[in-house]
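Heads up, run-v3.pdb below (PDB, C-alpha atoms):
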```pdb
ATOM      1  CA  MET A1196       9.517  -2.810  -4.510  1.00  0.00           C
ATOM      2  CA  ASP A1197       7.919  -2.180  -7.839  1.00  0.00           C
ATOM      3  CA  ILE A1198       4.556  -3.843  -7.214  1.00  0.00           C
ATOM      4  CA  SER A1199       3.598  -4.064 -10.893  1.00  0.00           C
ATOM      5  CA  LYS A1200       6.927  -5.643 -11.786  1.00  0.00           C
ATOM      6  CA  ARG A1201       6.669  -8.134  -8.919  1.00  0.00           C
ATOM      7  CA  ILE A1202       3.136  -9.133  -9.919  1.00  0.00           C
ATOM      8  CA  GLY A1203       4.419  -9.602 -13.469  1.00  0.00           C
ATOM      9  CA  GLU A1204       7.076 -11.971 -12.106  1.00  0.00           C
ATOM     10  CA  LEU A1205       4.433 -13.902 -10.152  1.00  0.00           C
ATOM     11  CA  LYS A1206       2.352 -14.308 -13.307  1.00  0.00           C
ATOM     12  CA  LYS A1207       5.269 -16.179 -14.910  1.00  0.00           C
ATOM     13  CA  LEU A1208       5.400 -18.830 -12.169  1.00  0.00           C
ATOM     14  CA  PRO A1209       4.178 -22.314 -13.076  1.00  0.00           C
ATOM     15  CA  GLY A1210       0.588 -22.788 -11.928  1.00  0.00           C
ATOM     16  CA  PHE A1211      -0.237 -19.103 -11.607  1.00  0.00           C
ATOM     17  CA  VAL A1212      -2.765 -19.007 -14.446  1.00  0.00           C
ATOM     18  CA  GLU A1213      -4.464 -22.187 -13.246  1.00  0.00           C
ATOM     19  CA  LYS A1214      -4.634 -21.256  -9.540  1.00  0.00           C
ATOM     20  CA  VAL A1215      -4.842 -17.465  -9.223  1.00  0.00           C
ATOM     21  CA  GLY A1216      -7.966 -15.367  -9.640  1.00  0.00           C
ATOM     22  CA  MET A1217      -6.963 -12.445  -7.419  1.00  0.00           C
ATOM     23  CA  VAL A1218      -3.863 -10.546  -6.352  1.00  0.00           C
ATOM     24  CA  LEU A1219      -3.999  -8.009  -3.521  1.00  0.00           C
ATOM     25  CA  ALA A1220      -1.191  -5.658  -2.552  1.00  0.00           C
ATOM     26  CA  HIS A1221      -0.478  -3.542   0.525  1.00  0.00           C
ATOM     27  CA  ASN A1222       1.917  -0.576   0.426  1.00  0.00           C
ATOM     28  CA  GLY A1223       2.482   0.765   3.943  1.00  0.00           C
ATOM     29  CA  MET A1224       4.244   4.094   4.326  1.00  0.00           C
ATOM     30  CA  VAL A1225       5.189   6.684   6.939  1.00  0.00           C
ATOM     31  CA  ARG A1226       2.336   9.039   7.790  1.00  0.00           C
ATOM     32  CA  GLY A1227       3.003  12.744   8.184  1.00  0.00           C
ATOM     33  CA  THR A1228       1.148  12.791  11.503  1.00  0.00           C
ATOM     34  CA  SER A1229       1.063  10.491  14.512  1.00  0.00           C
ATOM     35  CA  ARG A1230      -2.139   8.699  15.489  1.00  0.00           C
ATOM     36  CA  ASP A1231      -2.949  11.594  17.822  1.00  0.00           C
ATOM     37  CA  GLY A1232      -2.401  14.179  15.066  1.00  0.00           C
ATOM     38  CA  LYS A1233       1.081  15.474  15.930  1.00  0.00           C
ATOM     39  CA  PRO A1234       3.442  16.195  13.004  1.00  0.00           C
ATOM     40  CA  VAL A1235       6.019  13.464  12.381  1.00  0.00           C
ATOM     41  CA  LYS A1236       9.594  14.411  11.437  1.00  0.00           C
ATOM     42  CA  SER A1237      10.793  10.838  10.905  1.00  0.00           C
ATOM     43  CA  LEU A1238      10.251   7.228  11.909  1.00  0.00           C
ATOM     44  CA  GLU A1239      12.900   4.779  13.079  1.00  0.00           C
ATOM     45  CA  VAL A1240      12.031   1.159  12.306  1.00  0.00           C
ATOM     46  CA  LYS A1241      13.584  -2.183  13.170  1.00  0.00           C
ATOM     47  CA  ALA A1242      12.165  -5.299  11.468  1.00  0.00           C
ATOM     48  CA  ASN A1243      12.313  -8.933  12.597  1.00  0.00           C
ATOM     49  CA  TYR A1244      12.936 -10.593   9.226  1.00  0.00           C
ATOM     50  CA  GLU A1245      13.073 -14.111  10.657  1.00  0.00           C
ATOM     51  CA  LYS A1246       9.602 -13.731  12.172  1.00  0.00           C
ATOM     52  CA  ILE A1247       8.278 -12.221   8.915  1.00  0.00           C
ATOM     53  CA  GLU A1248       9.542 -15.252   6.990  1.00  0.00           C
ATOM     54  CA  MET A1249       7.857 -17.572   9.512  1.00  0.00           C
ATOM     55  CA  LEU A1250       4.568 -15.720   9.003  1.00  0.00           C
ATOM     56  CA  VAL A1251       4.903 -15.924   5.217  1.00  0.00           C
ATOM     57  CA  GLU A1252       5.366 -19.689   5.533  1.00  0.00           C
ATOM     58  CA  LYS A1253       2.408 -19.969   7.925  1.00  0.00           C
ATOM     59  CA  TYR A1254      -0.037 -17.957   5.808  1.00  0.00           C
ATOM     60  CA  SER A1255       1.153 -19.532   2.546  1.00  0.00           C
ATOM     61  CA  GLN A1256      -0.472 -22.742   3.804  1.00  0.00           C
ATOM     62  CA  ALA A1257      -3.917 -21.095   4.025  1.00  0.00           C
ATOM     63  CA  GLU A1258      -6.684 -22.326   1.770  1.00  0.00           C
ATOM     64  CA  GLY A1259      -6.449 -21.027  -1.786  1.00  0.00           C
ATOM     65  CA  ILE A1260      -3.167 -19.136  -1.387  1.00  0.00           C
ATOM     66  CA  PHE A1261      -0.693 -19.470  -4.245  1.00  0.00           C
ATOM     67  CA  LYS A1262       2.098 -17.097  -3.165  1.00  0.00           C
ATOM     68  CA  ILE A1263       2.861 -14.378  -0.624  1.00  0.00           C
ATOM     69  CA  VAL A1264       5.621 -11.808  -1.100  1.00  0.00           C
ATOM     70  CA  VAL A1265       6.687  -9.476   1.714  1.00  0.00           C
ATOM     71  CA  GLU A1266       9.298  -6.732   1.615  1.00  0.00           C
ATOM     72  CA  ALA A1267       9.893  -4.921   4.897  1.00  0.00           C
ATOM     73  CA  LYS A1268      12.363  -2.099   5.319  1.00  0.00           C
ATOM     74  CA  GLU A1269      14.208  -0.911   8.389  1.00  0.00           C
ATOM     75  CA  GLY A1270      16.136   2.215   9.189  1.00  0.00           C
ATOM     76  CA  LYS A1271      15.185   5.882   9.446  1.00  0.00           C
ATOM     77  CA  PHE A1272      12.387   7.111   7.186  1.00  0.00           C
ATOM     78  CA  LEU A1273      10.604  10.354   6.343  1.00  0.00           C
ATOM     79  CA  PRO A1274       6.857  10.891   5.868  1.00  0.00           C
ATOM     80  CA  GLY A1275       5.809   9.408   2.539  1.00  0.00           C
ATOM     81  CA  ASP A1276       8.569   6.776   2.500  1.00  0.00           C
ATOM     82  CA  ASP A1277       7.539   3.188   1.814  1.00  0.00           C
ATOM     83  CA  LEU A1278       8.005   0.726   4.697  1.00  0.00           C
ATOM     84  CA  LEU A1279       6.117  -2.479   4.015  1.00  0.00           C
ATOM     85  CA  PHE A1280       4.922  -4.225   0.879  1.00  0.00           C
ATOM     86  CA  ILE A1281       2.776  -7.344   0.921  1.00  0.00           C
ATOM     87  CA  ILE A1282       1.441  -9.158  -2.130  1.00  0.00           C
ATOM     88  CA  VAL A1283      -0.966 -12.076  -1.763  1.00  0.00           C
ATOM     89  CA  ALA A1284      -1.958 -14.139  -4.805  1.00  0.00           C
ATOM     90  CA  GLY A1285      -4.679 -16.742  -4.523  1.00  0.00           C
ATOM     91  CA  ASP A1286      -7.788 -18.331  -5.884  1.00  0.00           C
ATOM     92  CA  ILE A1287     -10.819 -16.323  -4.763  1.00  0.00           C
ATOM     93  CA  ARG A1288     -11.540 -13.001  -3.093  1.00  0.00           C
ATOM     94  CA  PRO A1289     -12.561 -14.253   0.389  1.00  0.00           C
ATOM     95  CA  ASN A1290      -9.394 -16.326   0.782  1.00  0.00           C
ATOM     96  CA  VAL A1291      -7.024 -13.647  -0.496  1.00  0.00           C
ATOM     97  CA  LYS A1292      -8.635 -10.769   1.472  1.00  0.00           C
ATOM     98  CA  LYS A1293      -8.560 -12.747   4.715  1.00  0.00           C
ATOM     99  CA  VAL A1294      -4.917 -13.745   4.372  1.00  0.00           C
ATOM    100  CA  LEU A1295      -3.777 -10.251   3.425  1.00  0.00           C
ATOM    101  CA  GLY A1296      -5.597  -8.793   6.427  1.00  0.00           C
ATOM    102  CA  ASP A1297      -4.373 -11.471   8.825  1.00  0.00           C
ATOM    103  CA  ILE A1298      -0.705 -11.421   7.800  1.00  0.00           C
ATOM    104  CA  LEU A1299      -0.666  -7.610   7.753  1.00  0.00           C
ATOM    105  CA  GLU A1300      -2.051  -7.385  11.289  1.00  0.00           C
ATOM    106  CA  GLU A1301       0.331 -10.027  12.618  1.00  0.00           C
ATOM    107  CA  ILE A1302       3.395  -8.492  10.958  1.00  0.00           C
ATOM    108  CA  LYS A1303       2.503  -5.031  12.276  1.00  0.00           C
ATOM    109  CA  ALA A1304       1.861  -6.400  15.797  1.00  0.00           C
ATOM    110  CA  THR A1305       4.861  -8.707  16.158  1.00  0.00           C
ATOM    111  CA  CYS A1306       7.603  -7.905  13.639  1.00  0.00           C
ATOM    112  CA  PHE A1307       8.350  -4.198  14.003  1.00  0.00           C
ATOM    113  CA  GLU A1308       9.768  -1.873  16.603  1.00  0.00           C
ATOM    114  CA  LYS A1309       9.019   1.744  15.712  1.00  0.00           C
ATOM    115  CA  LYS A1310       9.940   5.099  17.196  1.00  0.00           C
ATOM    116  CA  GLU A1311       8.286   8.267  15.900  1.00  0.00           C
ATOM    117  CA  ILE A1312      10.363  11.428  15.984  1.00  0.00           C
ATOM    118  CA  LEU A1313       7.927  14.325  16.288  1.00  0.00           C
ATOM    119  CA  ILE A1314       8.476  17.876  15.087  1.00  0.00           C
TER     120      ILE A1314
END
```
What does this structure look like when you write it as structure tokens?
Amino acid sequence: MDISKRIGELKKLPGFVEKVGMVLAHNGMVRGTSRDGKPVKSLEVKANYEKIEMLVEKYSQAEGIFKIVVEAKEGKFLPGDDLLFIIVAGDIRPNVKKVLGDILEEIKATCFEKKEILI
């Protein structure tokens, strides 16, 4: 996903100018080391797209949220590859920050199966 391009598309939606004061974006990628510091060769990922869509619908109803865009990838990835993009557009900072944090944590906890291949 080209985040700048996608935000540009959001800005063209009816109501954006009237309702949006903040846009936050998350770009998750494959780390070169595991959480315990071991070198990572690759990462195999399976995404539950149906569950992701349900979460987008759920969090889109939160106070002050105008639009949420999520792009999740699945397959085999190398360190540095992009895996997950989330854009949250809404009225004010507290509402947008909370929703981005909440949807990110729930997607990571419930929508992905990952297997690290170590060097």
message = Evaluate the PyMOL selection byres ((chain A and resi 1295-1304) around 9) against this structure - the residues, as a ChimeraX atom specification, please.
response = /A:1219-1221,1246-1247,1250-1251,1254,1263,1281-1283,1290-1294,1305-1307
Resulting file, chosen residues, C-alpha atoms, as a CSV table (one decimal), keeping the file's coordinate frame:
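Okay, this is what ended up in selection_5.csv:
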```csv
chain,number,residue,atom,x,y,z
A,1219,LEU,CA,-4.0,-8.0,-3.5
A,1220,ALA,CA,-1.2,-5.7,-2.6
A,1221,HIS,CA,-0.5,-3.5,0.5
A,1246,LYS,CA,9.6,-13.7,12.2
A,1247,ILE,CA,8.3,-12.2,8.9
A,1250,LEU,CA,4.6,-15.7,9.0
A,1251,VAL,CA,4.9,-15.9,5.2
A,1254,TYR,CA,0.0,-18.0,5.8
A,1263,ILE,CA,2.9,-14.4,-0.6
A,1281,ILE,CA,2.8,-7.3,0.9
A,1282,ILE,CA,1.4,-9.2,-2.1
A,1283,VAL,CA,-1.0,-12.1,-1.8
A,1290,ASN,CA,-9.4,-16.3,0.8
A,1291,VAL,CA,-7.0,-13.6,-0.5
A,1292,LYS,CA,-8.6,-10.8,1.5
A,1293,LYS,CA,-8.6,-12.7,4.7
A,1294,VAL,CA,-4.9,-13.7,4.4
A,1305,THR,CA,4.9,-8.7,16.2
A,1306,CYS,CA,7.6,-7.9,13.6
A,1307,PHE,CA,8.4,-4.2,14.0
```
request  = Excluding stretch 1212-1214 of chain A and any residue of its chain fewer than 2 positions from it, enumerate the residues within 12 Å of it, using all atoms listed in the file, and give them as number ranges by chain.
outcome  = A: 1203, 1205-1210, 1216-1218, 1258-1262, 1284-1287
Would you mind reading off the distance between atom CA of A:Lys1236 and atom CA of A:Leu1273, one decimal, in Å?
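Here the two named atoms are 6.6 Å from each other.
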I would like the residues chosen by the PyMOL selection byres ((chain A and resi 1223-1227) around 12) on the shown file; could you give them as an MDAnalysis selection string?
chainID A and resid 1196 1220:1222 1228:1240 1265:1269 1271:1282 1299:1300 1302:1303 1309:1314
Of A:Glu1245, A:Glu1204, A:Glu1308, A:Asp1197, the one sitting nearest A:Gly1270 when using all atoms listed in the file is A:Glu1308
Atomic separation - atom CA of A:Ile1198 relative to atom CA of A:Lys1253, Å
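Between atom CA of A:Lys1253 and atom CA of A:Ile1198 the gap works out to 22.2 Å.
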